[in-house]
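Accompanying notes for the structure given below.
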Amino acid sequence: MRRFLTWRWCVAHLLLVVAILVMLRLGQWQWDRANSRTGGLQNYAYALQWPLFAVFAIVVYVKTMREEDRRSLGSARARLDPAESGVRREDGVRVGVSTPAVSVDPDDVETQEWNARLAALNAASARTESARGRSH
């Protein structure tokens with residue numbers, strides 16, 4: 001929680017409060033305008049719209065804070081040993097995660113055809129990668 005008390009976040013908190021107060025004041029101004037002789041339905045709509053903008057600003061701000069919190073937790077997780085985190089490294093794969101093998105029903109012809117197609121594409125890709133490696 002202390003990370004949200006840095007000068008950068010304090011400025012952001014202050015800007016949020018100012019923005020909310022301005023939006024609420026604009027809503028009140030539109031409400032007063034709607035109740036005047038020259039006001040109309042459009043002013044009532046704006047009077048309701050400005051507080052909704054303020055709520056939206058709060059929601060976006062809270063989501064931003066949560067994302068920043070998750071990101072900082074993610075950087076702590078990134079310091080784990082790759083063997084502990086389940087991440088494996090292979091040629092041609094940027095990041096892979098170890099998962100248990102999926103069993104395929106032997107009677108499922110469509111899945112078997114799909115897997116054969118994927119295996120053929122993988123073999124073609126491996127041939128292209130090895131040919132590219134020899135040419136460099």
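By order of appearance in the structure tokens: chains A, B, ..., then residues from 1 within every chain, and ligands from 1 in the order shown.
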Non-local contacts of stretch 6-11 of chain A (12 Å; only C-alpha atoms; under 4 positions in same chain excluded) as number ranges by chain: A: 1-2, 15-18, 61, 64-65, 68
Limited to N, CA and C atoms, could you put the picked residues into a file as an mmCIF file, in the first residue's frame?
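The resulting file, part-v9.cif, is reproduced below:
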```cif
data_model
loop_
_atom_site.group_PDB
_atom_site.id
_atom_site.type_symbol
_atom_site.label_atom_id
_atom_site.label_comp_id
_atom_site.auth_asym_id
_atom_site.auth_seq_id
_atom_site.Cartn_x
_atom_site.Cartn_y
_atom_site.Cartn_z
ATOM 1 N N MET A 1 0.813 -1.197 0.000
ATOM 2 C CA MET A 1 0.000 0.000 0.000
ATOM 3 C C MET A 1 0.860 1.266 0.000
ATOM 4 N N ARG A 2 2.077 1.160 0.497
ATOM 5 C CA ARG A 2 2.939 2.334 0.544
ATOM 6 C C ARG A 2 3.329 2.826 -0.842
ATOM 7 N N LEU A 15 -5.164 14.883 -8.520
ATOM 8 C CA LEU A 15 -5.831 15.147 -9.803
ATOM 9 C C LEU A 15 -7.184 14.456 -9.878
ATOM 10 N N LEU A 16 -7.265 13.251 -9.337
ATOM 11 C CA LEU A 16 -8.550 12.544 -9.336
ATOM 12 C C LEU A 16 -9.576 13.306 -8.502
ATOM 13 N N VAL A 17 -9.191 13.755 -7.333
ATOM 14 C CA VAL A 17 -10.125 14.494 -6.467
ATOM 15 C C VAL A 17 -10.579 15.778 -7.153
ATOM 16 N N VAL A 18 -9.640 16.492 -7.761
ATOM 17 C CA VAL A 18 -9.995 17.732 -8.460
ATOM 18 C C VAL A 18 -10.944 17.433 -9.628
ATOM 19 N N TYR A 61 -9.661 4.597 -12.105
ATOM 20 C CA TYR A 61 -8.527 4.853 -11.206
ATOM 21 C C TYR A 61 -8.273 3.645 -10.302
ATOM 22 N N THR A 64 -6.724 0.928 -12.302
ATOM 23 C CA THR A 64 -5.319 1.241 -12.550
ATOM 24 C C THR A 64 -4.469 0.911 -11.336
ATOM 25 N N MET A 65 -4.962 1.242 -10.156
ATOM 26 C CA MET A 65 -4.216 0.928 -8.938
ATOM 27 C C MET A 65 -4.083 -0.584 -8.753
ATOM 28 N N GLU A 68 -1.516 -1.912 -11.197
ATOM 29 C CA GLU A 68 -0.168 -1.570 -10.734
ATOM 30 C C GLU A 68 0.250 -2.489 -9.599
#
```
Nearby residues (only C-alpha atoms) at most 12 Å from A:Leu21, same-chain spacing under 3 positions excluded, as a ChimeraX atom specification: /A:14-18,24-28,50-51,53-55,57-58
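Taking the backbone of this structure through DSSP, the residues of stretch 98-133 of chain A that come out as helix (DSSP H, G or I) are Val109, Glu110, Thr111, Gln112, Glu113, Trp114, Asn115, Ala116, Arg117, Leu118, Ala119, Ala120, Leu121, Asn122, Ala123, Ala124, Ser125, Ala126, Arg127, Thr128, Glu129, Ser130, Ala131, Arg132 and Gly133 of chain A.
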Å distance separating atom CA of A:Trp29 from atom CA of A:Leu52, one decimal place: 14.7 Å
Surrounding residues of A:Arg33 excluding itself and chain neighbours under 5 positions, 8 Å, only C-alpha atoms, as a ChimeraX atom specification: /A:38-39,43
File dump, residues just selected, C-alpha atoms, as a CSV table (one decimal), in the first residue's frame:
```csv
chain,number,residue,atom,x,y,z
A,38,THR,CA,-34.2,28.5,-20.6
A,39,GLY,CA,-33.3,24.9,-19.5
A,43,ASN,CA,-29.7,20.0,-19.4
```
Atom CA of A:Ala47 to atom CA of A:Asp32, straight-line distance in Å: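 So the two atoms, atom CA of A:Asp32 and atom CA of A:Ala47, lie 8.6 Å apart.
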Which of A:Met23, A:Val62, A:Ala123, A:Val109 sits closest to A:Gln49 [using only C-alpha atoms]: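 Of A:Met23, A:Val62, A:Ala123, A:Val109, the one nearest A:Gln49, counting only C-alpha atoms, is A:Met23.
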Atom CA of A:Ala45 to atom CA of A:Val22, straight-line distance in Å: 17.1 Å
Pick from A:Gln30, A:Glu67, A:Ala116, A:Leu73 nearest to A:Gln42, counting only C-alpha atoms: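 Of A:Gln30, A:Glu67, A:Ala116, A:Leu73, the one nearest A:Gln42 is A:Gln30, counting only C-alpha atoms.
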